[in-house]
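Structure first, commentary second.
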Amino acid sequence: MENRNFYNEILTEHNMHPDFKHDIEDADIVLDGINPSCGDEIQLKLKTDGDIITDGAVGDGCAISQASTDIMLGMIIGQSKEKALEYADIFMRMIRGEASDEEIDSLEEASALRDISHMPARVKCAMLGWRTLSEALKDK
């Protein structure tokens with residue numbers, strides 16, 4: 001029950017007070033992410049300086065996709081594209097139950113979403129931003 005309360009607190013905090021709900025007019029990378037199962041759409045924008053992600057923003061989406069993406073952006077800003085892809089890989093493997101405890105711990109606040117795998121209707125929502133990030137950076 002404690003994990004569920006922590007999960008709810010994290011989602012509520014990132015929905016009520018998102019850090020990355022703004023526009024970046026001069027974003028270097030822009031990609032729309034779509035969750036076909038519910039119709040949720042996000043627009044991920046990233047500003048980079050060479051290989052380093054210096055800013056990020058996300059557009060509208062459901063509460064879970066917004067919170068998960070807000071957490072993700074907090075982790076990847078200031079990181080290299082390679083590190084951001086590593087975090088995305090760990091997050092997606094965590095949701096599928098394939099990540100080690102050490103890898104999950106490296107996700108810090110995002111690890112609170114590990115139990116979302118028990119809510120199949122919400123898995124794609126939680127993964128939307130991370131999947132969009134992977135797609136956006138895979139050829140950059």
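The way I read the labels, and the way they are meant: chains A, B, ... in the order of the structure tokens, residue 1 as the first residue of every chain, and ligand 1 as the first ligand shown, with later ones counted on from there.
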
Shell of 6 Å around region 68-77 of chain A, only C-alpha atoms, local chain residues under 6 positions omitted, as an NGL selection string:
:A and (20 or 53-55 or 84 or 126 or 129)

Excluding region 29-37 of chain A and any residue of its chain fewer than 2 positions from it, enumerate the residues within 8 Å of it, using only C-alpha atoms, and give them as JSON, numbers by chain.
{"A": [27, 39, 40, 41, 42, 43, 44, 45, 46, 47, 124, 125, 128, 129, 131, 132, 136]}

Based on the selection just made, write N, CA and C atoms of those residues as a PDB file, in the first residue's frame.
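Generated file (result-v4.pdb):
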ATOM      1  N   ALA A  27      13.349  24.580 -30.453  1.00  0.00           N
ATOM      2  CA  ALA A  27      13.734  23.202 -30.156  1.00  0.00           C
ATOM      3  C   ALA A  27      14.462  22.584 -31.348  1.00  0.00           C
ATOM      4  N   GLY A  39      -5.705   7.048 -27.684  1.00  0.00           N
ATOM      5  CA  GLY A  39      -5.749   8.292 -28.450  1.00  0.00           C
ATOM      6  C   GLY A  39      -4.945   9.424 -27.846  1.00  0.00           C
ATOM      7  N   ASP A  40      -4.254   9.166 -26.747  1.00  0.00           N
ATOM      8  CA  ASP A  40      -3.445  10.195 -26.108  1.00  0.00           C
ATOM      9  C   ASP A  40      -2.305  10.597 -27.041  1.00  0.00           C
ATOM     10  N   GLU A  41      -2.041  11.887 -27.106  1.00  0.00           N
ATOM     11  CA  GLU A  41      -0.959  12.412 -27.929  1.00  0.00           C
ATOM     12  C   GLU A  41      -0.130  13.385 -27.110  1.00  0.00           C
ATOM     13  N   ILE A  42       1.171  13.324 -27.299  1.00  0.00           N
ATOM     14  CA  ILE A  42       2.063  14.300 -26.683  1.00  0.00           C
ATOM     15  C   ILE A  42       2.972  14.864 -27.767  1.00  0.00           C
ATOM     16  N   GLN A  43       3.522  16.018 -27.503  1.00  0.00           N
ATOM     17  CA  GLN A  43       4.565  16.557 -28.364  1.00  0.00           C
ATOM     18  C   GLN A  43       5.778  16.796 -27.477  1.00  0.00           C
ATOM     19  N   LEU A  44       6.829  16.068 -27.768  1.00  0.00           N
ATOM     20  CA  LEU A  44       8.072  16.178 -27.023  1.00  0.00           C
ATOM     21  C   LEU A  44       9.001  17.122 -27.772  1.00  0.00           C
ATOM     22  N   LYS A  45       9.522  18.119 -27.065  1.00  0.00           N
ATOM     23  CA  LYS A  45      10.468  19.066 -27.658  1.00  0.00           C
ATOM     24  C   LYS A  45      11.742  19.053 -26.828  1.00  0.00           C
ATOM     25  N   LEU A  46      12.859  18.992 -27.521  1.00  0.00           N
ATOM     26  CA  LEU A  46      14.157  18.992 -26.858  1.00  0.00           C
ATOM     27  C   LEU A  46      15.057  20.043 -27.483  1.00  0.00           C
ATOM     28  N   LYS A  47      15.797  20.709 -26.641  1.00  0.00           N
ATOM     29  CA  LYS A  47      16.827  21.668 -27.058  1.00  0.00           C
ATOM     30  C   LYS A  47      18.159  21.029 -26.697  1.00  0.00           C
ATOM     31  N   LYS A 124       0.922   1.796 -21.428  1.00  0.00           N
ATOM     32  CA  LYS A 124       1.277   2.582 -22.613  1.00  0.00           C
ATOM     33  C   LYS A 124       1.282   4.076 -22.303  1.00  0.00           C
ATOM     34  N   CYS A 125       0.443   4.501 -21.358  1.00  0.00           N
ATOM     35  CA  CYS A 125       0.443   5.911 -20.946  1.00  0.00           C
ATOM     36  C   CYS A 125       1.774   6.268 -20.291  1.00  0.00           C
ATOM     37  N   LEU A 128       4.684   6.356 -22.894  1.00  0.00           N
ATOM     38  CA  LEU A 128       4.567   7.199 -24.083  1.00  0.00           C
ATOM     39  C   LEU A 128       5.725   8.190 -24.239  1.00  0.00           C
ATOM     40  N   GLY A 129       6.037   8.950 -23.216  1.00  0.00           N
ATOM     41  CA  GLY A 129       7.122   9.916 -23.305  1.00  0.00           C
ATOM     42  C   GLY A 129       8.466   9.255 -23.512  1.00  0.00           C
ATOM     43  N   ARG A 131       9.056   6.259 -24.834  1.00  0.00           N
ATOM     44  CA  ARG A 131       9.092   5.678 -26.176  1.00  0.00           C
ATOM     45  C   ARG A 131       9.333   6.778 -27.220  1.00  0.00           C
ATOM     46  N   THR A 132       8.666   7.915 -27.028  1.00  0.00           N
ATOM     47  CA  THR A 132       8.832   9.047 -27.942  1.00  0.00           C
ATOM     48  C   THR A 132      10.274   9.558 -27.885  1.00  0.00           C
ATOM     49  N   ALA A 136      12.846   9.735 -30.941  1.00  0.00           N
ATOM     50  CA  ALA A 136      13.396  11.051 -31.298  1.00  0.00           C
ATOM     51  C   ALA A 136      14.925  11.037 -31.354  1.00  0.00           C
TER      52      ALA A 136
END

What is the CA of His17 (chain A) to CA of Gln66 (chain A) distance in Å?
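That distance, rounded to one decimal, is 10.9 Å.
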
So that I can check the surroundings of region 113-116 of chain A, please list as a PDB file with all heavy atoms, in the first residue's frame every protein, DNA and RNA residue that reaches within 9 Å of it, counting only C-alpha atoms and ignoring chain neighbours fewer than 3 positions away.
ATOM      1  N   ASN A   3       3.761   1.727  -1.439  1.00  0.00           N
ATOM      2  CA  ASN A   3       4.229   2.009  -2.799  1.00  0.00           C
ATOM      3  C   ASN A   3       3.137   2.669  -3.628  1.00  0.00           C
ATOM      4  O   ASN A   3       3.400   3.561  -4.412  1.00  0.00           O
ATOM      5  CB  ASN A   3       4.694   0.725  -3.490  1.00  0.00           C
ATOM      6  CG  ASN A   3       6.047   0.274  -2.982  1.00  0.00           C
ATOM      7  OD1 ASN A   3       6.776   1.044  -2.387  1.00  0.00           O
ATOM      8  ND2 ASN A   3       6.354  -0.978  -3.216  1.00  0.00           N
ATOM      9  N   ARG A   4       1.895   2.212  -3.457  1.00  0.00           N
ATOM     10  CA  ARG A   4       0.772   2.771  -4.217  1.00  0.00           C
ATOM     11  C   ARG A   4       0.552   4.236  -3.829  1.00  0.00           C
ATOM     12  O   ARG A   4       0.287   5.068  -4.689  1.00  0.00           O
ATOM     13  CB  ARG A   4      -0.487   1.941  -3.950  1.00  0.00           C
ATOM     14  CG  ARG A   4      -1.683   2.431  -4.682  1.00  0.00           C
ATOM     15  CD  ARG A   4      -2.133   1.400  -5.664  1.00  0.00           C
ATOM     16  NE  ARG A   4      -3.358   1.869  -6.274  1.00  0.00           N
ATOM     17  CZ  ARG A   4      -3.561   1.825  -7.546  1.00  0.00           C
ATOM     18  NH1 ARG A   4      -2.671   1.313  -8.334  1.00  0.00           N
ATOM     19  NH2 ARG A   4      -4.683   2.251  -8.065  1.00  0.00           N
ATOM     20  N   TYR A   7       3.335   6.248  -5.388  1.00  0.00           N
ATOM     21  CA  TYR A   7       3.035   6.349  -6.819  1.00  0.00           C
ATOM     22  C   TYR A   7       2.004   7.449  -7.054  1.00  0.00           C
ATOM     23  O   TYR A   7       2.171   8.302  -7.918  1.00  0.00           O
ATOM     24  CB  TYR A   7       2.527   4.983  -7.295  1.00  0.00           C
ATOM     25  CG  TYR A   7       1.745   4.974  -8.574  1.00  0.00           C
ATOM     26  CD1 TYR A   7       2.388   4.931  -9.807  1.00  0.00           C
ATOM     27  CD2 TYR A   7       0.355   4.976  -8.553  1.00  0.00           C
ATOM     28  CE1 TYR A   7       1.659   4.908 -10.986  1.00  0.00           C
ATOM     29  CE2 TYR A   7      -0.379   4.943  -9.728  1.00  0.00           C
ATOM     30  CZ  TYR A   7       0.285   4.907 -10.936  1.00  0.00           C
ATOM     31  OH  TYR A   7      -0.438   4.890 -12.100  1.00  0.00           O
ATOM     32  N   ILE A  10       3.494  10.963  -6.439  1.00  0.00           N
ATOM     33  CA  ILE A  10       4.381  11.358  -7.538  1.00  0.00           C
ATOM     34  C   ILE A  10       3.554  11.838  -8.729  1.00  0.00           C
ATOM     35  O   ILE A  10       3.814  12.901  -9.297  1.00  0.00           O
ATOM     36  CB  ILE A  10       5.292  10.182  -7.962  1.00  0.00           C
ATOM     37  CG1 ILE A  10       6.238   9.802  -6.848  1.00  0.00           C
ATOM     38  CG2 ILE A  10       6.024  10.493  -9.258  1.00  0.00           C
ATOM     39  CD1 ILE A  10       7.323  10.793  -6.569  1.00  0.00           C
ATOM     40  N   LEU A  11       2.546  11.054  -9.107  1.00  0.00           N
ATOM     41  CA  LEU A  11       1.704  11.440 -10.248  1.00  0.00           C
ATOM     42  C   LEU A  11       0.990  12.754  -9.983  1.00  0.00           C
ATOM     43  O   LEU A  11       0.955  13.630 -10.850  1.00  0.00           O
ATOM     44  CB  LEU A  11       0.675  10.346 -10.556  1.00  0.00           C
ATOM     45  CG  LEU A  11       1.212   9.085 -11.206  1.00  0.00           C
ATOM     46  CD1 LEU A  11       0.077   8.098 -11.425  1.00  0.00           C
ATOM     47  CD2 LEU A  11       1.925   9.377 -12.508  1.00  0.00           C
ATOM     48  N   SER A  68       4.737  11.030 -16.127  1.00  0.00           N
ATOM     49  CA  SER A  68       5.875  10.191 -16.471  1.00  0.00           C
ATOM     50  C   SER A  68       6.876  10.957 -17.340  1.00  0.00           C
ATOM     51  O   SER A  68       8.090  10.886 -17.118  1.00  0.00           O
ATOM     52  CB  SER A  68       5.384   8.934 -17.203  1.00  0.00           C
ATOM     53  OG  SER A  68       6.453   8.075 -17.501  1.00  0.00           O
ATOM     54  N   PHE A  91      13.884   2.265 -18.185  1.00  0.00           N
ATOM     55  CA  PHE A  91      12.499   2.500 -17.798  1.00  0.00           C
ATOM     56  C   PHE A  91      11.572   1.497 -18.487  1.00  0.00           C
ATOM     57  O   PHE A  91      10.725   0.878 -17.842  1.00  0.00           O
ATOM     58  CB  PHE A  91      12.064   3.928 -18.143  1.00  0.00           C
ATOM     59  CG  PHE A  91      10.669   4.238 -17.685  1.00  0.00           C
ATOM     60  CD1 PHE A  91      10.434   4.672 -16.394  1.00  0.00           C
ATOM     61  CD2 PHE A  91       9.586   4.064 -18.535  1.00  0.00           C
ATOM     62  CE1 PHE A  91       9.139   4.942 -15.953  1.00  0.00           C
ATOM     63  CE2 PHE A  91       8.288   4.323 -18.106  1.00  0.00           C
ATOM     64  CZ  PHE A  91       8.073   4.767 -16.814  1.00  0.00           C
ATOM     65  N   MET A  94      12.027  -1.859 -17.058  1.00  0.00           N
ATOM     66  CA  MET A  94      11.441  -1.900 -15.718  1.00  0.00           C
ATOM     67  C   MET A  94       9.951  -2.204 -15.816  1.00  0.00           C
ATOM     68  O   MET A  94       9.437  -3.063 -15.097  1.00  0.00           O
ATOM     69  CB  MET A  94      11.655  -0.569 -14.986  1.00  0.00           C
ATOM     70  CG  MET A  94      10.940  -0.496 -13.642  1.00  0.00           C
ATOM     71  SD  MET A  94      11.045   1.144 -12.867  1.00  0.00           S
ATOM     72  CE  MET A  94       9.867   2.084 -13.859  1.00  0.00           C
ATOM     73  N   ILE A  95       9.261  -1.515 -16.704  1.00  0.00           N
ATOM     74  CA  ILE A  95       7.821  -1.720 -16.849  1.00  0.00           C
ATOM     75  C   ILE A  95       7.519  -3.151 -17.302  1.00  0.00           C
ATOM     76  O   ILE A  95       6.533  -3.749 -16.872  1.00  0.00           O
ATOM     77  CB  ILE A  95       7.220  -0.689 -17.846  1.00  0.00           C
ATOM     78  CG1 ILE A  95       7.407   0.735 -17.329  1.00  0.00           C
ATOM     79  CG2 ILE A  95       5.748  -0.986 -18.122  1.00  0.00           C
ATOM     80  CD1 ILE A  95       6.733   1.058 -16.015  1.00  0.00           C
ATOM     81  N   ARG A  96       8.392  -3.711 -18.133  1.00  0.00           N
ATOM     82  CA  ARG A  96       8.195  -5.090 -18.603  1.00  0.00           C
ATOM     83  C   ARG A  96       8.690  -6.122 -17.588  1.00  0.00           C
ATOM     84  O   ARG A  96       8.607  -7.322 -17.834  1.00  0.00           O
ATOM     85  CB  ARG A  96       8.913  -5.301 -19.936  1.00  0.00           C
ATOM     86  CG  ARG A  96       8.313  -4.518 -21.087  1.00  0.00           C
ATOM     87  CD  ARG A  96       8.887  -4.928 -22.433  1.00  0.00           C
ATOM     88  NE  ARG A  96      10.341  -4.846 -22.512  1.00  0.00           N
ATOM     89  CZ  ARG A  96      11.022  -3.819 -23.030  1.00  0.00           C
ATOM     90  NH1 ARG A  96      10.375  -2.797 -23.537  1.00  0.00           N
ATOM     91  NH2 ARG A  96      12.343  -3.834 -23.058  1.00  0.00           N
ATOM     92  N   GLY A  97       9.251  -5.668 -16.451  1.00  0.00           N
ATOM     93  CA  GLY A  97       9.741  -6.584 -15.429  1.00  0.00           C
ATOM     94  C   GLY A  97      11.091  -7.192 -15.761  1.00  0.00           C
ATOM     95  O   GLY A  97      11.444  -8.244 -15.227  1.00  0.00           O
ATOM     96  N   ILE A 104      16.814  -0.183 -11.733  1.00  0.00           N
ATOM     97  CA  ILE A 104      15.603   0.521 -11.302  1.00  0.00           C
ATOM     98  C   ILE A 104      15.961   1.646 -10.344  1.00  0.00           C
ATOM     99  O   ILE A 104      15.441   2.757 -10.457  1.00  0.00           O
ATOM    100  CB  ILE A 104      14.580  -0.459 -10.699  1.00  0.00           C
ATOM    101  CG1 ILE A 104      14.058  -1.398 -11.798  1.00  0.00           C
ATOM    102  CG2 ILE A 104      13.433   0.283 -10.021  1.00  0.00           C
ATOM    103  CD1 ILE A 104      13.259  -2.580 -11.286  1.00  0.00           C
ATOM    104  N   GLU A 109      13.247   8.879  -9.045  1.00  0.00           N
ATOM    105  CA  GLU A 109      11.809   9.116  -8.904  1.00  0.00           C
ATOM    106  C   GLU A 109      10.977   8.308  -9.903  1.00  0.00           C
ATOM    107  O   GLU A 109       9.877   7.871  -9.589  1.00  0.00           O
ATOM    108  CB  GLU A 109      11.531  10.614  -9.072  1.00  0.00           C
ATOM    109  CG  GLU A 109      10.143  11.021  -8.663  1.00  0.00           C
ATOM    110  CD  GLU A 109       9.950  12.528  -8.761  1.00  0.00           C
ATOM    111  OE1 GLU A 109      10.534  13.175  -9.643  1.00  0.00           O
ATOM    112  OE2 GLU A 109       9.187  13.038  -7.934  1.00  0.00           O
ATOM    113  N   ALA A 110      11.500   8.088 -11.079  1.00  0.00           N
ATOM    114  CA  ALA A 110      10.766   7.321 -12.095  1.00  0.00           C
ATOM    115  C   ALA A 110      10.528   5.880 -11.649  1.00  0.00           C
ATOM    116  O   ALA A 110       9.590   5.228 -12.123  1.00  0.00           O
ATOM    117  CB  ALA A 110      11.510   7.343 -13.421  1.00  0.00           C
ATOM    118  N   MET A 119      -1.186  -2.505 -13.975  1.00  0.00           N
ATOM    119  CA  MET A 119      -2.353  -1.781 -14.491  1.00  0.00           C
ATOM    120  C   MET A 119      -2.211  -1.702 -16.008  1.00  0.00           C
ATOM    121  O   MET A 119      -1.797  -0.682 -16.552  1.00  0.00           O
ATOM    122  CB  MET A 119      -2.403  -0.374 -13.885  1.00  0.00           C
ATOM    123  CG  MET A 119      -2.559  -0.363 -12.386  1.00  0.00           C
ATOM    124  SD  MET A 119      -2.429   1.313 -11.733  1.00  0.00           S
ATOM    125  CE  MET A 119      -0.791   1.250 -11.012  1.00  0.00           C
ATOM    126  N   PRO A 120      -2.525  -2.792 -16.704  1.00  0.00           N
ATOM    127  CA  PRO A 120      -2.259  -2.867 -18.144  1.00  0.00           C
ATOM    128  C   PRO A 120      -2.797  -1.699 -18.967  1.00  0.00           C
ATOM    129  O   PRO A 120      -2.166  -1.295 -19.945  1.00  0.00           O
ATOM    130  CB  PRO A 120      -2.928  -4.179 -18.562  1.00  0.00           C
ATOM    131  CG  PRO A 120      -3.003  -4.981 -17.316  1.00  0.00           C
ATOM    132  CD  PRO A 120      -3.138  -4.001 -16.186  1.00  0.00           C
ATOM    133  N   ARG A 122      -2.754   1.293 -18.238  1.00  0.00           N
ATOM    134  CA  ARG A 122      -1.941   2.489 -18.002  1.00  0.00           C
ATOM    135  C   ARG A 122      -0.489   2.348 -18.457  1.00  0.00           C
ATOM    136  O   ARG A 122       0.254   3.317 -18.476  1.00  0.00           O
ATOM    137  CB  ARG A 122      -1.961   2.848 -16.511  1.00  0.00           C
ATOM    138  CG  ARG A 122      -3.336   3.187 -16.010  1.00  0.00           C
ATOM    139  CD  ARG A 122      -3.798   4.441 -16.696  1.00  0.00           C
ATOM    140  NE  ARG A 122      -5.115   4.842 -16.244  1.00  0.00           N
ATOM    141  CZ  ARG A 122      -6.029   5.329 -17.046  1.00  0.00           C
ATOM    142  NH1 ARG A 122      -5.802   5.441 -18.329  1.00  0.00           N
ATOM    143  NH2 ARG A 122      -7.192   5.702 -16.578  1.00  0.00           N
ATOM    144  N   VAL A 123      -0.076   1.139 -18.812  1.00  0.00           N
ATOM    145  CA  VAL A 123       1.317   0.903 -19.198  1.00  0.00           C
ATOM    146  C   VAL A 123       1.722   1.780 -20.379  1.00  0.00           C
ATOM    147  O   VAL A 123       2.760   2.444 -20.350  1.00  0.00           O
ATOM    148  CB  VAL A 123       1.551  -0.592 -19.517  1.00  0.00           C
ATOM    149  CG1 VAL A 123       2.884  -0.807 -20.209  1.00  0.00           C
ATOM    150  CG2 VAL A 123       1.477  -1.416 -18.239  1.00  0.00           C
ATOM    151  N   ALA A 126       2.221   5.433 -19.377  1.00  0.00           N
ATOM    152  CA  ALA A 126       3.471   5.695 -18.655  1.00  0.00           C
ATOM    153  C   ALA A 126       4.672   5.633 -19.581  1.00  0.00           C
ATOM    154  O   ALA A 126       5.656   6.354 -19.383  1.00  0.00           O
ATOM    155  CB  ALA A 126       3.639   4.695 -17.520  1.00  0.00           C
TER     156      ALA A 126
END

Do a neighbour search on Lys81 (chain A) at 10 Å with only C-alpha atoms, toss out local chain neighbours closer than 4 positions, and write the hits as a PDB file with all heavy atoms, in the first residue's frame.
ATOM      1  N   THR A  48      19.090  21.060 -27.646  1.00  0.00           N
ATOM      2  CA  THR A  48      20.378  20.434 -27.392  1.00  0.00           C
ATOM      3  C   THR A  48      21.524  21.402 -27.678  1.00  0.00           C
ATOM      4  O   THR A  48      21.362  22.377 -28.412  1.00  0.00           O
ATOM      5  CB  THR A  48      20.566  19.178 -28.281  1.00  0.00           C
ATOM      6  OG1 THR A  48      20.495  19.552 -29.647  1.00  0.00           O
ATOM      7  CG2 THR A  48      19.509  18.130 -27.977  1.00  0.00           C
ATOM      8  N   GLY A  50      25.106  20.404 -28.899  1.00  0.00           N
ATOM      9  CA  GLY A  50      25.939  19.254 -29.244  1.00  0.00           C
ATOM     10  C   GLY A  50      25.226  17.985 -28.832  1.00  0.00           C
ATOM     11  O   GLY A  50      24.089  17.737 -29.228  1.00  0.00           O
ATOM     12  N   ASP A  51      25.873  17.209 -27.982  1.00  0.00           N
ATOM     13  CA  ASP A  51      25.314  15.931 -27.537  1.00  0.00           C
ATOM     14  C   ASP A  51      24.521  16.057 -26.230  1.00  0.00           C
ATOM     15  O   ASP A  51      23.923  15.093 -25.769  1.00  0.00           O
ATOM     16  CB  ASP A  51      26.458  14.926 -27.348  1.00  0.00           C
ATOM     17  CG  ASP A  51      25.955  13.532 -27.066  1.00  0.00           C
ATOM     18  OD1 ASP A  51      25.034  13.078 -27.783  1.00  0.00           O
ATOM     19  OD2 ASP A  51      26.460  12.896 -26.120  1.00  0.00           O
ATOM     20  N   ILE A  52      24.496  17.239 -25.642  1.00  0.00           N
ATOM     21  CA  ILE A  52      23.852  17.431 -24.337  1.00  0.00           C
ATOM     22  C   ILE A  52      22.446  17.994 -24.505  1.00  0.00           C
ATOM     23  O   ILE A  52      22.229  18.951 -25.252  1.00  0.00           O
ATOM     24  CB  ILE A  52      24.683  18.370 -23.434  1.00  0.00           C
ATOM     25  CG1 ILE A  52      26.104  17.830 -23.263  1.00  0.00           C
ATOM     26  CG2 ILE A  52      24.005  18.590 -22.082  1.00  0.00           C
ATOM     27  CD1 ILE A  52      26.199  16.474 -22.594  1.00  0.00           C
ATOM     28  N   ILE A  53      21.488  17.416 -23.790  1.00  0.00           N
ATOM     29  CA  ILE A  53      20.108  17.907 -23.790  1.00  0.00           C
ATOM     30  C   ILE A  53      20.041  19.041 -22.773  1.00  0.00           C
ATOM     31  O   ILE A  53      20.328  18.843 -21.588  1.00  0.00           O
ATOM     32  CB  ILE A  53      19.123  16.777 -23.428  1.00  0.00           C
ATOM     33  CG1 ILE A  53      19.216  15.663 -24.479  1.00  0.00           C
ATOM     34  CG2 ILE A  53      17.698  17.322 -23.322  1.00  0.00           C
ATOM     35  CD1 ILE A  53      18.539  14.376 -24.088  1.00  0.00           C
ATOM     36  N   ILE A  76      16.701  13.752 -17.772  1.00  0.00           N
ATOM     37  CA  ILE A  76      17.572  13.776 -18.951  1.00  0.00           C
ATOM     38  C   ILE A  76      18.177  15.141 -19.261  1.00  0.00           C
ATOM     39  O   ILE A  76      19.169  15.218 -19.969  1.00  0.00           O
ATOM     40  CB  ILE A  76      16.869  13.216 -20.203  1.00  0.00           C
ATOM     41  CG1 ILE A  76      15.732  14.134 -20.653  1.00  0.00           C
ATOM     42  CG2 ILE A  76      16.408  11.789 -19.953  1.00  0.00           C
ATOM     43  CD1 ILE A  76      15.209  13.829 -22.045  1.00  0.00           C
ATOM     44  N   ILE A  77      17.578  16.218 -18.754  1.00  0.00           N
ATOM     45  CA  ILE A  77      18.148  17.546 -19.027  1.00  0.00           C
ATOM     46  C   ILE A  77      19.500  17.647 -18.324  1.00  0.00           C
ATOM     47  O   ILE A  77      19.630  17.350 -17.140  1.00  0.00           O
ATOM     48  CB  ILE A  77      17.172  18.661 -18.621  1.00  0.00           C
ATOM     49  CG1 ILE A  77      15.984  18.620 -19.579  1.00  0.00           C
ATOM     50  CG2 ILE A  77      17.854  20.031 -18.647  1.00  0.00           C
ATOM     51  CD1 ILE A  77      14.855  19.525 -19.239  1.00  0.00           C
ATOM     52  N   LEU A  85      18.991   7.886 -23.672  1.00  0.00           N
ATOM     53  CA  LEU A  85      18.542   6.629 -24.277  1.00  0.00           C
ATOM     54  C   LEU A  85      18.713   5.460 -23.312  1.00  0.00           C
ATOM     55  O   LEU A  85      17.882   4.559 -23.273  1.00  0.00           O
ATOM     56  CB  LEU A  85      19.300   6.364 -25.581  1.00  0.00           C
ATOM     57  CG  LEU A  85      18.869   7.202 -26.773  1.00  0.00           C
ATOM     58  CD1 LEU A  85      19.860   7.054 -27.927  1.00  0.00           C
ATOM     59  CD2 LEU A  85      17.455   6.850 -27.214  1.00  0.00           C
ATOM     60  N   GLU A  86      19.771   5.495 -22.526  1.00  0.00           N
ATOM     61  CA  GLU A  86      19.998   4.445 -21.525  1.00  0.00           C
ATOM     62  C   GLU A  86      18.881   4.468 -20.475  1.00  0.00           C
ATOM     63  O   GLU A  86      18.334   3.422 -20.113  1.00  0.00           O
ATOM     64  CB  GLU A  86      21.361   4.661 -20.858  1.00  0.00           C
ATOM     65  CG  GLU A  86      21.705   3.641 -19.803  1.00  0.00           C
ATOM     66  CD  GLU A  86      23.037   3.951 -19.135  1.00  0.00           C
ATOM     67  OE1 GLU A  86      23.980   4.386 -19.827  1.00  0.00           O
ATOM     68  OE2 GLU A  86      23.122   3.764 -17.901  1.00  0.00           O
ATOM     69  N   TYR A  87      18.535   5.665 -19.988  1.00  0.00           N
ATOM     70  CA  TYR A  87      17.432   5.782 -19.031  1.00  0.00           C
ATOM     71  C   TYR A  87      16.123   5.274 -19.636  1.00  0.00           C
ATOM     72  O   TYR A  87      15.352   4.577 -18.975  1.00  0.00           O
ATOM     73  CB  TYR A  87      17.238   7.233 -18.584  1.00  0.00           C
ATOM     74  CG  TYR A  87      18.222   7.734 -17.558  1.00  0.00           C
ATOM     75  CD1 TYR A  87      18.712   9.036 -17.641  1.00  0.00           C
ATOM     76  CD2 TYR A  87      18.648   6.951 -16.489  1.00  0.00           C
ATOM     77  CE1 TYR A  87      19.601   9.533 -16.698  1.00  0.00           C
ATOM     78  CE2 TYR A  87      19.535   7.435 -15.537  1.00  0.00           C
ATOM     79  CZ  TYR A  87      20.010   8.724 -15.644  1.00  0.00           C
ATOM     80  OH  TYR A  87      20.882   9.210 -14.715  1.00  0.00           O
ATOM     81  N   LEU A 133      10.834   9.632 -26.684  1.00  0.00           N
ATOM     82  CA  LEU A 133      12.236  10.040 -26.531  1.00  0.00           C
ATOM     83  C   LEU A 133      13.153   9.104 -27.301  1.00  0.00           C
ATOM     84  O   LEU A 133      14.041   9.553 -28.031  1.00  0.00           O
ATOM     85  CB  LEU A 133      12.624  10.051 -25.050  1.00  0.00           C
ATOM     86  CG  LEU A 133      14.102  10.315 -24.753  1.00  0.00           C
ATOM     87  CD1 LEU A 133      14.469  11.751 -25.076  1.00  0.00           C
ATOM     88  CD2 LEU A 133      14.408   9.986 -23.293  1.00  0.00           C
ATOM     89  N   SER A 134      12.954   7.814 -27.143  1.00  0.00           N
ATOM     90  CA  SER A 134      13.792   6.837 -27.853  1.00  0.00           C
ATOM     91  C   SER A 134      13.702   7.015 -29.351  1.00  0.00           C
ATOM     92  O   SER A 134      14.718   6.983 -30.053  1.00  0.00           O
ATOM     93  CB  SER A 134      13.377   5.411 -27.479  1.00  0.00           C
ATOM     94  OG  SER A 134      13.702   5.145 -26.148  1.00  0.00           O
ATOM     95  N   LEU A 137      15.541  10.260 -30.478  1.00  0.00           N
ATOM     96  CA  LEU A 137      17.004  10.280 -30.382  1.00  0.00           C
ATOM     97  C   LEU A 137      17.715   9.151 -31.124  1.00  0.00           C
ATOM     98  O   LEU A 137      18.934   9.222 -31.303  1.00  0.00           O
ATOM     99  CB  LEU A 137      17.433  10.230 -28.916  1.00  0.00           C
ATOM    100  CG  LEU A 137      17.064  11.413 -28.040  1.00  0.00           C
ATOM    101  CD1 LEU A 137      17.594  11.197 -26.637  1.00  0.00           C
ATOM    102  CD2 LEU A 137      17.566  12.724 -28.621  1.00  0.00           C
ATOM    103  N   LYS A 138      16.995   8.162 -31.569  1.00  0.00           N
ATOM    104  CA  LYS A 138      17.670   6.983 -32.116  1.00  0.00           C
ATOM    105  C   LYS A 138      18.543   7.274 -33.329  1.00  0.00           C
ATOM    106  O   LYS A 138      19.540   6.614 -33.546  1.00  0.00           O
ATOM    107  CB  LYS A 138      16.688   5.862 -32.404  1.00  0.00           C
ATOM    108  CG  LYS A 138      15.751   6.108 -33.550  1.00  0.00           C
ATOM    109  CD  LYS A 138      14.823   4.920 -33.730  1.00  0.00           C
ATOM    110  CE  LYS A 138      13.755   5.255 -34.766  1.00  0.00           C
ATOM    111  NZ  LYS A 138      12.759   4.219 -34.846  1.00  0.00           N
ATOM    112  N   LYS A 140      19.761  10.507 -33.977  1.00  0.00           N
ATOM    113  CA  LYS A 140      20.334  11.852 -33.799  1.00  0.00           C
ATOM    114  C   LYS A 140      21.747  11.771 -33.289  1.00  0.00           C
ATOM    115  O   LYS A 140      22.151  11.019 -32.528  1.00  0.00           O
ATOM    116  CB  LYS A 140      19.488  12.690 -32.822  1.00  0.00           C
ATOM    117  CG  LYS A 140      18.060  12.864 -33.254  1.00  0.00           C
ATOM    118  CD  LYS A 140      17.983  13.776 -34.436  1.00  0.00           C
ATOM    119  CE  LYS A 140      16.526  13.980 -34.845  1.00  0.00           C
ATOM    120  NZ  LYS A 140      16.324  14.437 -36.139  1.00  0.00           N
TER     121      LYS A 140
END

Go through region 29-117 of chain A and collect every residue that DSSP, computed from the backbone, puts in alpha helix (DSSP H); the answer should be as a PyMOL selection string.
chain A and resi 63-76+81-95+101-106

Counting only C-alpha atoms, figure out which residue out of A:Leu107, A:Ile90, A:Ala99, A:Ile64 gets nearest to Glu9 (chain A).
A:Ile64

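In terms of minimum interatomic distance to Glu25 (chain A), A:Ala57 ranks closest within A:Gly78, A:Ala57, A:Met127, A:Thr12, counting only C-alpha atoms.
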